[in-house]
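Printed here is target-v6.txt (compact mmCIF, C-alpha atoms):
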```txt
# COMPACT_ATOMS: atom_id res chain seq x y z
CA MET A 185 0.00 0.00 0.00
CA ILE A 186 1.45 3.29 -0.99
CA SER A 187 1.11 6.14 1.46
CA SER A 188 -0.60 9.38 0.69
CA ALA A 189 2.66 11.18 1.23
CA ALA A 190 4.40 8.95 -1.27
CA ARG A 191 1.61 9.51 -3.74
CA THR A 192 1.95 13.24 -3.38
CA SER A 193 5.67 13.04 -3.77
CA ALA A 194 5.27 10.92 -6.86
CA TRP A 195 3.02 13.47 -8.46
CA ARG A 196 5.46 16.21 -7.71
CA SER A 197 8.08 14.25 -9.54
CA ILE A 198 5.77 13.66 -12.50
CA VAL A 199 5.36 17.31 -13.24
CA GLY A 200 8.75 18.50 -12.22
CA GLY A 201 7.85 19.62 -8.73
CA ALA A 202 5.34 22.35 -9.49
CA ILE A 203 1.94 20.96 -8.71
CA LEU A 204 0.93 22.13 -5.32
CA LEU A 205 -2.66 22.36 -6.48
CA ALA A 206 -2.79 18.78 -7.65
CA ALA A 207 -1.30 17.39 -4.47
CA GLY A 208 -4.43 18.04 -2.45
CA PRO A 209 -6.90 16.05 -4.54
CA LEU A 210 -4.40 13.22 -4.87
CA VAL A 211 -4.06 12.87 -1.12
CA ILE A 212 -7.80 12.53 -0.94
CA ALA A 213 -7.82 10.00 -3.75
CA GLY A 214 -5.15 8.02 -1.95
CA ALA A 215 -7.14 7.99 1.25
CA ALA A 216 -10.25 6.85 -0.58
CA ASN A 217 -8.34 4.02 -2.13
CA THR A 218 -7.01 2.93 1.22
CA GLY A 219 -10.51 2.22 2.32
CA ALA A 220 -11.72 0.63 -0.87
CA ALA A 221 -8.78 -1.63 -1.52
CA ALA A 222 -8.07 -2.51 2.11
CA GLY A 223 -4.33 -2.27 1.66
CA ALA A 224 -4.14 -4.45 -1.42
CA GLN A 225 -1.57 -3.73 -4.14
CA THR A 226 -4.46 -3.24 -6.54
CA SER A 227 -4.90 0.24 -5.18
CA HIS A 228 -2.23 1.19 -7.70
CA ALA A 229 -4.80 0.67 -10.40
CA ALA A 230 -5.66 4.29 -9.66
CA SER A 231 -2.67 5.41 -11.68
CA PHE A 232 -4.95 7.01 -14.24
CA PRO A 233 -6.71 9.60 -12.09
CA LYS A 234 -8.93 11.74 -14.26
CA GLY A 235 -8.07 15.36 -14.59
CA HIS A 236 -4.30 15.06 -14.62
CA TYR A 237 -3.60 14.56 -18.31
CA ALA A 238 -2.90 18.26 -18.87
CA GLN A 239 0.03 18.01 -16.48
CA LEU A 240 1.74 15.64 -18.88
CA ASP A 241 2.36 18.64 -21.13
CA SER A 242 5.17 19.69 -18.81
CA LEU A 243 7.09 16.52 -19.65
CA PRO A 244 9.69 16.62 -22.44
CA ASP A 245 8.68 15.92 -26.04
CA TRP A 246 9.53 12.30 -26.78
CA GLY A 247 6.98 11.94 -29.59
CA GLY A 248 7.48 9.90 -32.73
CA VAL A 249 9.37 6.62 -32.89
CA TRP A 250 13.00 6.05 -31.98
CA THR A 251 15.48 3.79 -33.74
CA LEU A 252 18.72 2.67 -32.14
CA GLY A 253 21.81 4.01 -33.87
CA PHE A 254 25.06 2.20 -34.42
CA ALA A 255 27.83 3.32 -32.13
CA ARG A 256 31.04 1.94 -30.80
CA PRO A 257 30.15 0.43 -27.44
CA PRO A 258 32.19 0.33 -24.28
CA PRO A 259 34.00 -2.89 -23.35
CA GLY A 260 31.53 -5.59 -22.43
CA PRO A 261 30.38 -6.76 -19.00
CA LEU A 262 33.07 -8.51 -16.93
CA LEU A 263 31.60 -11.69 -15.53
CA LYS A 264 32.85 -13.77 -12.62
CA GLY A 265 32.31 -17.15 -11.00
CA LYS A 266 29.88 -19.60 -12.55
CA TYR A 267 28.57 -16.88 -14.86
CA LEU A 268 32.02 -16.51 -16.41
CA GLN A 269 32.33 -20.30 -16.73
CA HIS A 270 28.98 -20.47 -18.49
CA TYR A 271 30.02 -17.76 -20.91
CA GLN A 272 33.28 -19.54 -21.67
CA GLN A 273 31.42 -22.77 -22.41
CA TRP A 274 29.00 -20.87 -24.61
CA SER A 275 31.75 -19.15 -26.57
CA SER A 276 33.60 -22.45 -27.07
CA PHE A 277 30.47 -23.95 -28.56
CA VAL A 278 29.91 -20.94 -30.82
CA LYS A 279 33.49 -21.06 -32.07
CA ALA A 280 33.13 -24.73 -32.90
CA HIS A 281 29.88 -24.20 -34.82
CA HIS A 282 30.58 -21.34 -37.23
CA GLY A 283 29.00 -18.83 -34.87
CA GLU A 284 25.83 -20.80 -34.31
CA ALA A 285 24.85 -20.52 -30.68
CA PRO A 286 23.17 -23.26 -28.67
CA HIS A 287 19.59 -22.40 -28.01
CA SER A 288 16.49 -23.88 -26.50
CA GLY A 289 12.89 -22.89 -26.94
CA SER A 290 11.32 -20.77 -29.60
CA TYR A 291 13.28 -18.26 -31.63
CA CYS A 292 10.23 -16.08 -31.19
CA ARG A 293 10.89 -15.72 -27.49
CA PRO A 294 11.68 -12.06 -26.76
CA PRO A 295 15.07 -11.20 -25.24
CA GLY A 296 13.83 -9.28 -22.18
CA MET A 297 15.73 -6.50 -20.45
CA PRO A 298 18.24 -5.05 -21.12
CA THR A 299 18.52 -6.37 -24.69
CA ILE A 300 15.01 -5.32 -25.68
CA MET A 301 16.38 -1.75 -25.59
CA MET A 302 19.25 -2.75 -27.91
CA VAL A 303 17.44 -4.03 -31.00
CA HIS A 304 18.52 -2.47 -34.26
CA GLN A 305 16.13 -1.64 -37.10
CA TYR A 306 12.99 -2.06 -34.98
CA PRO A 307 11.96 1.26 -33.40
CA ILE A 308 10.44 1.93 -29.99
CA GLU A 309 7.99 4.56 -28.77
CA PHE A 310 7.19 6.21 -25.43
CA LEU A 311 3.66 6.83 -24.21
CA PHE A 312 3.02 9.15 -21.28
CA THR A 313 -0.07 8.69 -19.14
CA PRO A 314 -0.58 9.88 -15.57
CA GLY A 315 1.51 7.83 -13.20
CA ARG A 316 3.32 5.76 -15.79
CA VAL A 317 5.47 5.69 -18.90
CA THR A 318 4.93 2.87 -21.39
CA ILE A 319 7.63 1.80 -23.84
CA ASN A 320 6.34 -0.10 -26.83
CA SER A 321 8.92 -2.02 -28.81
CA GLU A 322 8.13 -3.05 -32.37
CA ALA A 323 10.36 -6.12 -32.09
CA TRP A 324 8.19 -8.94 -30.74
CA MET A 325 5.62 -6.22 -29.94
CA GLN A 326 7.04 -5.97 -26.45
CA ARG A 327 5.92 -3.52 -23.77
CA ARG A 328 7.66 -2.09 -20.74
CA VAL A 329 5.64 -0.35 -18.05
CA ILE A 330 7.49 2.14 -15.85
CA PHE A 331 5.36 3.30 -12.95
CA THR A 332 6.11 6.88 -11.96
CA ASP A 333 3.45 7.18 -9.26
CA GLY A 334 5.88 6.69 -6.40
CA ARG A 335 5.37 3.02 -5.76
CA GLY A 336 8.28 0.71 -5.09
CA HIS A 337 8.90 -2.79 -6.38
CA PRO A 338 6.40 -5.33 -5.02
CA PRO A 339 7.75 -7.48 -2.16
CA ASP A 340 6.57 -10.70 -3.81
CA LEU A 341 8.13 -10.03 -7.18
CA ASP A 342 7.57 -12.71 -9.81
CA PRO A 343 10.40 -12.55 -12.36
CA THR A 344 9.47 -11.62 -15.92
CA PHE A 345 11.21 -10.97 -19.24
CA ASN A 346 11.14 -7.19 -18.96
CA GLY A 347 11.19 -7.06 -15.16
CA ASP A 348 9.49 -4.69 -12.77
CA SER A 349 10.27 -1.04 -13.49
CA VAL A 350 9.65 2.01 -11.34
CA GLY A 351 10.83 5.49 -12.17
CA ASN A 352 10.65 9.16 -11.49
CA TRP A 353 11.26 12.34 -13.40
CA GLN A 354 14.32 14.30 -12.37
CA GLY A 355 13.85 17.42 -14.44
CA ASP A 356 13.66 16.22 -18.03
CA THR A 357 15.37 12.92 -17.23
CA LEU A 358 13.38 9.76 -16.59
CA VAL A 359 15.25 7.66 -14.03
CA VAL A 360 14.21 4.02 -14.08
CA GLU A 361 15.10 1.06 -11.91
CA THR A 362 14.32 -2.44 -13.15
CA VAL A 363 14.55 -5.66 -11.14
CA GLY A 364 12.91 -9.08 -11.23
CA LEU A 365 14.25 -10.56 -14.47
CA LYS A 366 13.81 -14.22 -15.39
CA PRO A 367 16.93 -16.42 -15.30
CA VAL A 368 16.40 -17.23 -19.00
CA VAL A 369 16.96 -13.56 -19.88
CA GLN A 370 20.56 -12.88 -20.92
CA ILE A 371 22.32 -9.55 -20.39
CA ALA A 372 24.29 -10.17 -23.61
CA ASN A 373 25.00 -13.13 -25.89
CA GLY A 374 25.88 -16.08 -23.66
CA MET A 375 25.84 -13.97 -20.49
CA GLU A 376 23.54 -14.98 -17.67
CA HIS A 377 22.68 -13.02 -14.54
CA SER A 378 21.74 -13.61 -10.91
CA ASP A 379 18.51 -12.68 -9.16
CA ARG A 380 20.38 -9.65 -7.78
CA LEU A 381 20.51 -7.99 -11.20
CA ARG A 382 19.37 -4.38 -11.05
CA ILE A 383 19.29 -2.08 -14.07
CA VAL A 384 19.26 1.69 -13.71
CA GLU A 385 18.50 3.90 -16.70
CA ARG A 386 18.68 7.66 -17.09
CA ILE A 387 16.72 8.51 -20.24
CA HIS A 388 16.78 12.01 -21.69
CA LEU A 389 17.08 13.99 -24.89
CA ALA A 390 20.63 14.79 -25.96
CA ARG A 391 21.60 18.28 -24.84
CA ASN A 392 22.73 19.29 -28.30
CA ASP A 393 20.13 17.44 -30.41
CA PRO A 394 16.42 17.22 -29.56
CA ASP A 395 16.00 14.38 -32.09
CA THR A 396 18.47 12.15 -30.24
CA LEU A 397 17.40 10.28 -27.13
CA LEU A 398 20.00 8.82 -24.80
CA ASP A 399 19.52 5.91 -22.42
CA GLU A 400 22.41 5.84 -19.94
CA MET A 401 22.12 2.33 -18.60
CA THR A 402 24.02 0.65 -15.76
CA LEU A 403 23.76 -2.99 -14.77
CA TYR A 404 24.45 -3.93 -11.15
CA ASP A 405 24.82 -7.61 -10.30
CA PRO A 406 27.15 -8.29 -7.35
CA LEU A 407 27.01 -12.05 -7.96
CA ALA A 408 27.57 -12.17 -11.73
CA LEU A 409 29.56 -9.02 -12.51
CA GLN A 410 33.03 -8.05 -11.37
CA GLN A 411 31.87 -4.44 -11.39
CA PRO A 412 28.80 -2.50 -12.56
CA TRP A 413 28.62 -2.22 -16.31
CA SER A 414 27.46 0.92 -18.11
CA THR A 415 26.56 1.74 -21.66
CA THR A 416 24.80 4.63 -23.39
CA LEU A 417 22.22 3.80 -26.04
CA SER A 418 21.49 6.49 -28.60
CA TYR A 419 18.22 6.58 -30.54
CA LYS A 420 17.24 8.74 -33.51
CA ARG A 421 13.74 10.17 -33.80
CA SER A 422 11.37 9.70 -36.75
CA ARG A 423 8.29 11.83 -36.33
CA ASP A 424 6.52 10.54 -39.43
CA GLU A 425 6.78 6.82 -38.75
CA GLN A 426 4.79 4.49 -36.59
CA LEU A 427 5.42 1.09 -35.13
CA LEU A 428 4.49 -1.79 -37.41
CA GLU A 429 2.87 -5.03 -36.35
CA PHE A 430 5.30 -7.85 -35.62
CA VAL A 431 3.73 -11.24 -35.00
CA CYS A 432 6.72 -13.54 -34.79
CA GLU A 433 4.58 -16.66 -34.62
CA GLU A 434 3.07 -15.93 -38.03
CA ASN A 435 5.60 -18.01 -39.93
CA ASP A 436 8.24 -19.23 -37.52
CA LEU A 437 9.90 -21.80 -39.76
CA ASN A 438 12.89 -22.07 -37.47
CA SER A 439 11.16 -22.95 -34.24
CA GLY A 440 12.63 -26.44 -34.16
CA GLY A 441 16.19 -25.43 -34.87
CA SER A 442 18.22 -23.90 -37.63
CA ASP A 443 16.03 -23.65 -40.68
CA SER A 444 14.46 -27.01 -39.92
CA ALA A 445 11.65 -26.29 -42.33
CA ILE A 446 13.90 -26.24 -45.39
CA GLN A 447 13.49 -29.53 -47.22
CA MET B 81 34.98 -12.42 -23.34
CA LYS B 82 35.66 -8.76 -23.72
CA ARG B 83 36.71 -9.24 -27.30
CA GLY B 84 33.66 -11.34 -28.03
CA TRP B 85 31.42 -8.49 -27.04
CA THR B 86 33.39 -6.07 -29.13
CA LEU B 87 33.09 -8.25 -32.17
CA TRP B 88 29.43 -8.76 -31.57
CA TRP B 89 29.01 -5.03 -31.78
CA ALA B 90 31.43 -4.77 -34.64
CA ALA B 91 29.04 -6.91 -36.59
CA GLY B 92 26.52 -4.18 -35.95
CA LEU B 93 28.83 -1.52 -37.25
CA LEU B 94 29.29 -3.50 -40.41
CA GLY B 95 25.62 -3.77 -41.11
CA PHE B 96 24.14 -5.87 -38.37
CA SER B 97 20.69 -7.00 -39.37
CA GLY B 98 17.90 -6.30 -36.95
CA ALA B 99 16.49 -9.62 -37.98
CA ALA B 100 19.50 -10.78 -36.19
CA LEU B 101 18.45 -9.93 -32.74
CA ALA B 102 14.85 -10.13 -33.68
CA HIS B 103 14.95 -13.78 -34.48
CA HIS B 104 17.83 -16.15 -34.97
CA SER B 105 21.47 -16.27 -35.91
CA PHE B 106 22.41 -16.59 -39.59
CA ALA B 107 25.30 -18.88 -38.72
CA MET B 108 23.77 -21.79 -40.65
CA PHE B 109 24.46 -19.91 -43.87
CA ASP B 110 27.93 -19.82 -45.39
CA GLN B 111 28.24 -16.10 -45.95
CA THR B 112 31.58 -16.49 -47.71
CA GLN B 113 29.77 -18.21 -50.61
CA ARG B 114 27.35 -16.73 -53.11
CA VAL B 115 25.14 -18.73 -55.46
CA ALA B 116 22.92 -17.28 -58.21
CA LEU B 117 19.63 -19.09 -58.72
CA HIS B 118 17.63 -18.54 -61.93
CA GLY B 119 14.07 -19.71 -61.54
CA THR B 120 10.37 -19.13 -61.17
CA VAL B 121 8.80 -17.78 -58.01
CA ARG B 122 6.38 -20.33 -56.58
CA GLN B 123 5.59 -18.33 -53.47
CA PHE B 124 6.62 -15.07 -51.85
CA GLN B 125 5.83 -15.12 -48.14
CA TRP B 126 5.58 -11.59 -46.74
CA THR B 127 5.59 -12.85 -43.16
CA ASN B 128 7.24 -12.33 -39.82
CA PRO B 129 9.67 -13.05 -38.41
CA HIS B 130 11.20 -13.48 -41.87
CA SER B 131 10.05 -13.26 -45.46
CA TRP B 132 10.68 -16.21 -47.75
CA ILE B 133 11.00 -16.80 -51.49
CA TYR B 134 10.13 -20.32 -52.67
CA LEU B 135 11.86 -20.70 -56.01
CA ASP B 136 11.56 -23.47 -58.61
CA VAL B 137 14.96 -23.82 -60.24
CA PRO B 138 15.49 -26.04 -63.31
CA GLY B 139 18.28 -28.56 -62.84
CA PRO B 140 20.67 -29.98 -65.46
CA GLY B 141 18.40 -32.90 -66.33
CA GLY B 142 15.35 -30.73 -66.76
CA ALA B 143 13.97 -31.56 -63.32
CA SER B 144 12.88 -28.63 -61.18
CA HIS B 145 14.30 -28.17 -57.72
CA SER B 146 12.60 -26.20 -55.00
CA TRP B 147 14.77 -23.69 -53.13
CA GLN B 148 13.84 -21.70 -50.03
CA VAL B 149 15.41 -18.29 -49.57
CA GLU B 150 15.20 -16.48 -46.25
CA LEU B 151 14.97 -12.69 -46.14
CA ASN B 152 14.77 -9.97 -43.53
CA SER B 153 11.43 -9.28 -41.81
CA PRO B 154 8.62 -7.44 -43.63
CA ASN B 155 9.05 -4.65 -41.07
CA ASN B 156 12.67 -4.10 -42.07
CA LEU B 157 12.04 -4.73 -45.77
CA LYS B 158 9.17 -2.24 -45.83
CA ARG B 159 11.42 0.48 -44.44
CA GLN B 160 13.96 -0.46 -47.11
CA GLY B 161 11.39 0.20 -49.84
CA TRP B 162 10.04 -3.29 -50.43
CA ARG B 163 6.33 -4.00 -50.76
CA SER B 164 4.33 -7.16 -50.23
CA ASP B 165 3.87 -7.54 -53.99
CA ALA B 166 7.58 -7.19 -54.78
CA MET B 167 7.42 -10.72 -56.19
CA LYS B 168 4.51 -12.78 -57.40
CA PRO B 169 4.10 -16.47 -58.25
CA GLY B 170 5.24 -17.05 -61.83
CA ASP B 171 7.79 -14.24 -61.85
CA GLN B 172 11.09 -15.13 -63.50
CA VAL B 173 13.85 -13.94 -61.17
CA THR B 174 17.52 -14.34 -60.42
CA VAL B 175 18.19 -14.56 -56.70
CA VAL B 176 21.68 -14.45 -55.19
CA ILE B 177 21.99 -16.29 -51.90
CA ASN B 178 24.47 -17.40 -49.26
CA PRO B 179 23.83 -21.16 -49.27
CA LEU B 180 23.12 -23.29 -46.23
CA ARG B 181 26.24 -24.98 -44.91
CA ASP B 182 24.62 -28.42 -44.79
CA GLY B 183 23.86 -28.63 -48.50
CA ARG B 184 20.08 -28.45 -48.34
CA LYS B 185 18.49 -26.27 -50.98
CA GLY B 186 18.15 -23.08 -49.04
CA GLY B 187 19.96 -19.85 -48.41
CA LEU B 188 20.11 -16.33 -47.10
CA PHE B 189 18.95 -13.57 -49.43
CA VAL B 190 21.59 -11.26 -50.86
CA SER B 191 19.85 -9.68 -53.86
CA ALA B 192 17.31 -10.35 -56.59
CA THR B 193 16.98 -9.25 -60.19
CA LEU B 194 13.43 -9.22 -61.57
CA ALA B 195 12.48 -9.94 -65.17
CA ASN B 196 12.19 -6.21 -65.92
CA GLY B 197 15.73 -5.62 -64.67
CA THR B 198 14.78 -4.16 -61.31
CA VAL B 199 17.30 -5.10 -58.64
CA LEU B 200 16.10 -5.62 -55.09
CA GLY B 201 18.78 -5.61 -52.45
CA ASP B 202 19.27 -5.50 -48.75
CA PRO B 203 21.10 -2.36 -47.59
CA THR B 204 22.24 -4.14 -44.45
CA ARG B 205 24.46 -6.27 -46.70
CA ARG B 206 27.24 -3.79 -47.20
CA GLY B 207 30.38 -5.42 -48.52
CA ASN B 208 30.98 -9.07 -47.87
CA ALA B 209 31.00 -8.96 -44.09
CA PRO B 210 28.78 -11.64 -42.54
CA ILE B 211 25.71 -10.34 -40.77
CA ASN B 212 23.97 -11.58 -37.71
CA VAL B 213 26.47 -14.11 -36.47
CA PRO B 214 27.80 -13.91 -32.91
CA SER B 215 31.59 -13.81 -33.15
CA VAL B 216 33.73 -14.96 -30.27
CA LYS B 217 37.45 -15.37 -29.88
```

Rewritten as structure tokens:
Amino acid sequence: MISSAARTSAWRSIVGGAILLAAGPLVIAGAANTGAAAGAQTSHAASFPKGHYAQLDSLPDWGGVWTLGFARPPPGPLLKGKYLQHYQQWSSFVKAHHGEAPHSGSYCRPPGMPTIMMVHQYPIEFLFTPGRVTINSEAWMQRRVIFTDGRGHPPDLDPTFNGDSVGNWQGDTLVVETVGLKPVVQIANGMEHSDRLRIVERIHLARNDPDTLLDEMTLYDPLALQQPWSTTLSYKRSRDEQLLEFVCEENDLNSGGSDSAIQ
Amino acid sequence: MKRGWTLWWAAGLLGFSGAALAHHSFAMFDQTQRVALHGTVRQFQWTNPHSWIYLDVPGPGGASHSWQVELNSPNNLKRQGWRSDAMKPGDQVTVVINPLRDGRKGGLFVSATLANGTVLGDPTRRGNAPINVPSVK
């Protein structure tokens, strides 16, 4: 159950700290929910309070769709322990098979975080609604929900592909923390993670180019990584495009292995 | 490990296909080899996660052999200027592929020349660098 104070604080962060007027009604809304939901997590369903859409205008303009650019990345994550051993086994296999990596399950399975933010050619978009930011990804038609209403991560987190994300606006920068990622999700090719993985993103427009969006991402995993690993993803805006449908299951001829359908 | 990551990204710099991450590795194709197939389109599948050309190719003895050519996704192809009717059954085309390593009659699309001379390519195939294969050292 989120407190009224937290709710108020969250709303301040949503509109950059200038909504004294809105804070009052929200406190009341929070109190009403306390009674109705009897402390259940479902009280967060009130993250679309009517009457607060106009406040979204104070957020930065992230309209259009954004496509990841090609850039020279920093050196990769430095693994340790059993995670390093797993990677070494994986890379040995890949070397011995012309670059073909061992895989299980469907090729249509999405990659999860953080790789879903690193897909080339398939753009993403950001939707702002009161109390949350939604990132739609054309690849696999994936969706990330980032709650900005002040809530924390749930205590009984059930791991998922894209994890549980909470965030807040610090000026024009959206700061996001993501935890709760499934073990099957890899942080990079052949690189597994522990249940302590935590990803922090600072997403903002480039200072010198309003059509470039930067995602400064850091991965923390004290069990799998020798040290936190950071990268900056740079996206280019297209105002005139939209996301296309991508139903991977439509014609997944490779689901049983490498081109198994070819006669 | 470090170098592996670098090379993985280097592949991106050289024209990494989004289909890459979006679906599966292209390691089963021998991207050092190119084969030109002259034949008749039996089917053009404008489908995700990849488009496919089914091509009937006459063999030396007159028998026709069916080839399957894998392309990028319709999403990527559309942004590269392709349309769903780029090829139709019955079209006479020449398709250049990177063949499968295991000898089956299939390959990865490189380019196509239609009967009217129009050339359809894939701008992610710049130079001869392999695309969408995780490289490790």

Discussion item. Report, in Å to a single decimal, how far apart atom CA of Met375 of chain A and atom CA of Tyr271 of chain A are.
Written reply: 5.7 Å

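Distance-wise, atom CA of Pro286 of chain A and atom CA of Lys266 of chain A end up 17.8 Å apart.
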
What's the 10 Å shell around segment 159-163 of chain B, counting all atoms listed in the file, without same-chain residues fewer than 2 positions away, as a JSON list (two decimals) with C-alpha atoms, in the coordinates of the input?
```json
[["chain", "number", "residue", "atom", "x", "y", "z"],
["A", 305, "GLN", "CA", 16.13, -1.64, -37.10],
["A", 306, "TYR", "CA", 12.99, -2.06, -34.98],
["A", 425, "GLU", "CA", 6.78, 6.82, -38.75],
["B", 126, "TRP", "CA", 5.58, -11.59, -46.74],
["B", 154, "PRO", "CA", 8.62, -7.44, -43.63],
["B", 155, "ASN", "CA", 9.05, -4.65, -41.07],
["B", 156, "ASN", "CA", 12.67, -4.10, -42.07],
["B", 157, "LEU", "CA", 12.04, -4.73, -45.77],
["B", 165, "ASP", "CA", 3.87, -7.54, -53.99],
["B", 166, "ALA", "CA", 7.58, -7.19, -54.78],
["B", 167, "MET", "CA", 7.42, -10.72, -56.19],
["B", 200, "LEU", "CA", 16.10, -5.62, -55.09],
["B", 201, "GLY", "CA", 18.78, -5.61, -52.45],
["B", 202, "ASP", "CA", 19.27, -5.50, -48.75],
["B", 203, "PRO", "CA", 21.10, -2.36, -47.59],
["B", 204, "THR", "CA", 22.24, -4.14, -44.45]]
```

Worksheet item: If I put a ball of radius 12 Å at (29.6, -21.0, -13.5) in the file's coordinates, which residues poke into it when counting all atoms listed in the file, written as an MDAnalysis selection string?
Response: chainID A and resid 263:274 374:378 407:408

Fill in: Near-Thr357 of chain A list (8 Å; only C-alpha atoms; drop same-chain fewer than 5 positions) as JSON, numbers by chain
{"A": [386, 387, 388, 389]}

How would the residues just chosen look if you wrote them out with C-alpha atoms as a PDB file, keeping the file's coordinate frame?
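Result went into result.pdb, see below:
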```pdb
ATOM      1  CA  ARG A 386      18.680   7.660 -17.090  1.00  0.00           C
ATOM      2  CA  ILE A 387      16.720   8.510 -20.240  1.00  0.00           C
ATOM      3  CA  HIS A 388      16.780  12.010 -21.690  1.00  0.00           C
ATOM      4  CA  LEU A 389      17.080  13.990 -24.890  1.00  0.00           C
TER       5      LEU A 389
END
```

Worksheet item: Which residues come within 12 Å of Phe109 of chain B, counting all atoms listed in the file, excluding same-chain residues fewer than 6 positions away, as a ChimeraX atom specification?
Response: /A:281-284,442-443 /B:115,149-150,177-190,210-213

Discussion item. Could you tell me which residues of chain A sit within 8 Å of chain B when counting only C-alpha atoms, and give me the result as a VMD selection string?
Written reply: chain A and resid 254 to 257 259 to 262 271 to 272 275 278 to 279 282 to 285 291 to 292 294 303 to 306 323 to 324 373 428 to 436 442 to 443 446 to 447

Could you write those residues out with C-alpha atoms, as a compact mmCIF listing (two decimals), in the frame of the given file?
```
# COMPACT_ATOMS: atom_id res chain seq x y z
CA PHE A 254 25.06 2.20 -34.42
CA ALA A 255 27.83 3.32 -32.13
CA ARG A 256 31.04 1.94 -30.80
CA PRO A 257 30.15 0.43 -27.44
CA PRO A 259 34.00 -2.89 -23.35
CA GLY A 260 31.53 -5.59 -22.43
CA PRO A 261 30.38 -6.76 -19.00
CA LEU A 262 33.07 -8.51 -16.93
CA TYR A 271 30.02 -17.76 -20.91
CA GLN A 272 33.28 -19.54 -21.67
CA SER A 275 31.75 -19.15 -26.57
CA VAL A 278 29.91 -20.94 -30.82
CA LYS A 279 33.49 -21.06 -32.07
CA HIS A 282 30.58 -21.34 -37.23
CA GLY A 283 29.00 -18.83 -34.87
CA GLU A 284 25.83 -20.80 -34.31
CA ALA A 285 24.85 -20.52 -30.68
CA TYR A 291 13.28 -18.26 -31.63
CA CYS A 292 10.23 -16.08 -31.19
CA PRO A 294 11.68 -12.06 -26.76
CA VAL A 303 17.44 -4.03 -31.00
CA HIS A 304 18.52 -2.47 -34.26
CA GLN A 305 16.13 -1.64 -37.10
CA TYR A 306 12.99 -2.06 -34.98
CA ALA A 323 10.36 -6.12 -32.09
CA TRP A 324 8.19 -8.94 -30.74
CA ASN A 373 25.00 -13.13 -25.89
CA LEU A 428 4.49 -1.79 -37.41
CA GLU A 429 2.87 -5.03 -36.35
CA PHE A 430 5.30 -7.85 -35.62
CA VAL A 431 3.73 -11.24 -35.00
CA CYS A 432 6.72 -13.54 -34.79
CA GLU A 433 4.58 -16.66 -34.62
CA GLU A 434 3.07 -15.93 -38.03
CA ASN A 435 5.60 -18.01 -39.93
CA ASP A 436 8.24 -19.23 -37.52
CA SER A 442 18.22 -23.90 -37.63
CA ASP A 443 16.03 -23.65 -40.68
CA ILE A 446 13.90 -26.24 -45.39
CA GLN A 447 13.49 -29.53 -47.22
```

Discussion item. What's the separation between atom CA of Val137 of chain B and atom CA of Thr112 of chain B, in Å to one decimal place?
Written reply: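 Separation between atom CA of Val137 of chain B and atom CA of Thr112 of chain B: 22.1 Å.
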
Worksheet item: Skipping near chain neighbours, those fewer than 2 positions away, what residues fall within 10 Å of Phe312 of chain A using all atoms listed in the file, listed as an NGL selection string?
Response: :A and (237 or 240-241 or 243 or 246-247 or 310 or 314-319 or 330)

Residues just named, written with C-alpha atoms as an mmCIF file, in the frame of the given file:
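In the end it all went to again-v2.cif:
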```
data_model
loop_
_atom_site.group_PDB
_atom_site.id
_atom_site.type_symbol
_atom_site.label_atom_id
_atom_site.label_comp_id
_atom_site.auth_asym_id
_atom_site.auth_seq_id
_atom_site.Cartn_x
_atom_site.Cartn_y
_atom_site.Cartn_z
ATOM 1 C CA TYR A 237 -3.600 14.560 -18.310
ATOM 2 C CA LEU A 240 1.740 15.640 -18.880
ATOM 3 C CA ASP A 241 2.360 18.640 -21.130
ATOM 4 C CA LEU A 243 7.090 16.520 -19.650
ATOM 5 C CA TRP A 246 9.530 12.300 -26.780
ATOM 6 C CA GLY A 247 6.980 11.940 -29.590
ATOM 7 C CA PHE A 310 7.190 6.210 -25.430
ATOM 8 C CA PRO A 314 -0.580 9.880 -15.570
ATOM 9 C CA GLY A 315 1.510 7.830 -13.200
ATOM 10 C CA ARG A 316 3.320 5.760 -15.790
ATOM 11 C CA VAL A 317 5.470 5.690 -18.900
ATOM 12 C CA THR A 318 4.930 2.870 -21.390
ATOM 13 C CA ILE A 319 7.630 1.800 -23.840
ATOM 14 C CA ILE A 330 7.490 2.140 -15.850
#
```

Discussion item. Using all atoms listed in the file, can you tell me which of A:Trp353, A:Tyr404, A:Phe277, A:Phe345 comes closest to Leu365 of chain A?
Written reply: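 With all atoms listed in the file as the atom set, the closest residue is A:Phe345.
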
Fill in: Best match for closeness to Ile133 of chain B among B:Ser164, B:Ala195, B:Gln113, B:Ala209, counting all atoms listed in the file
B:Ser164
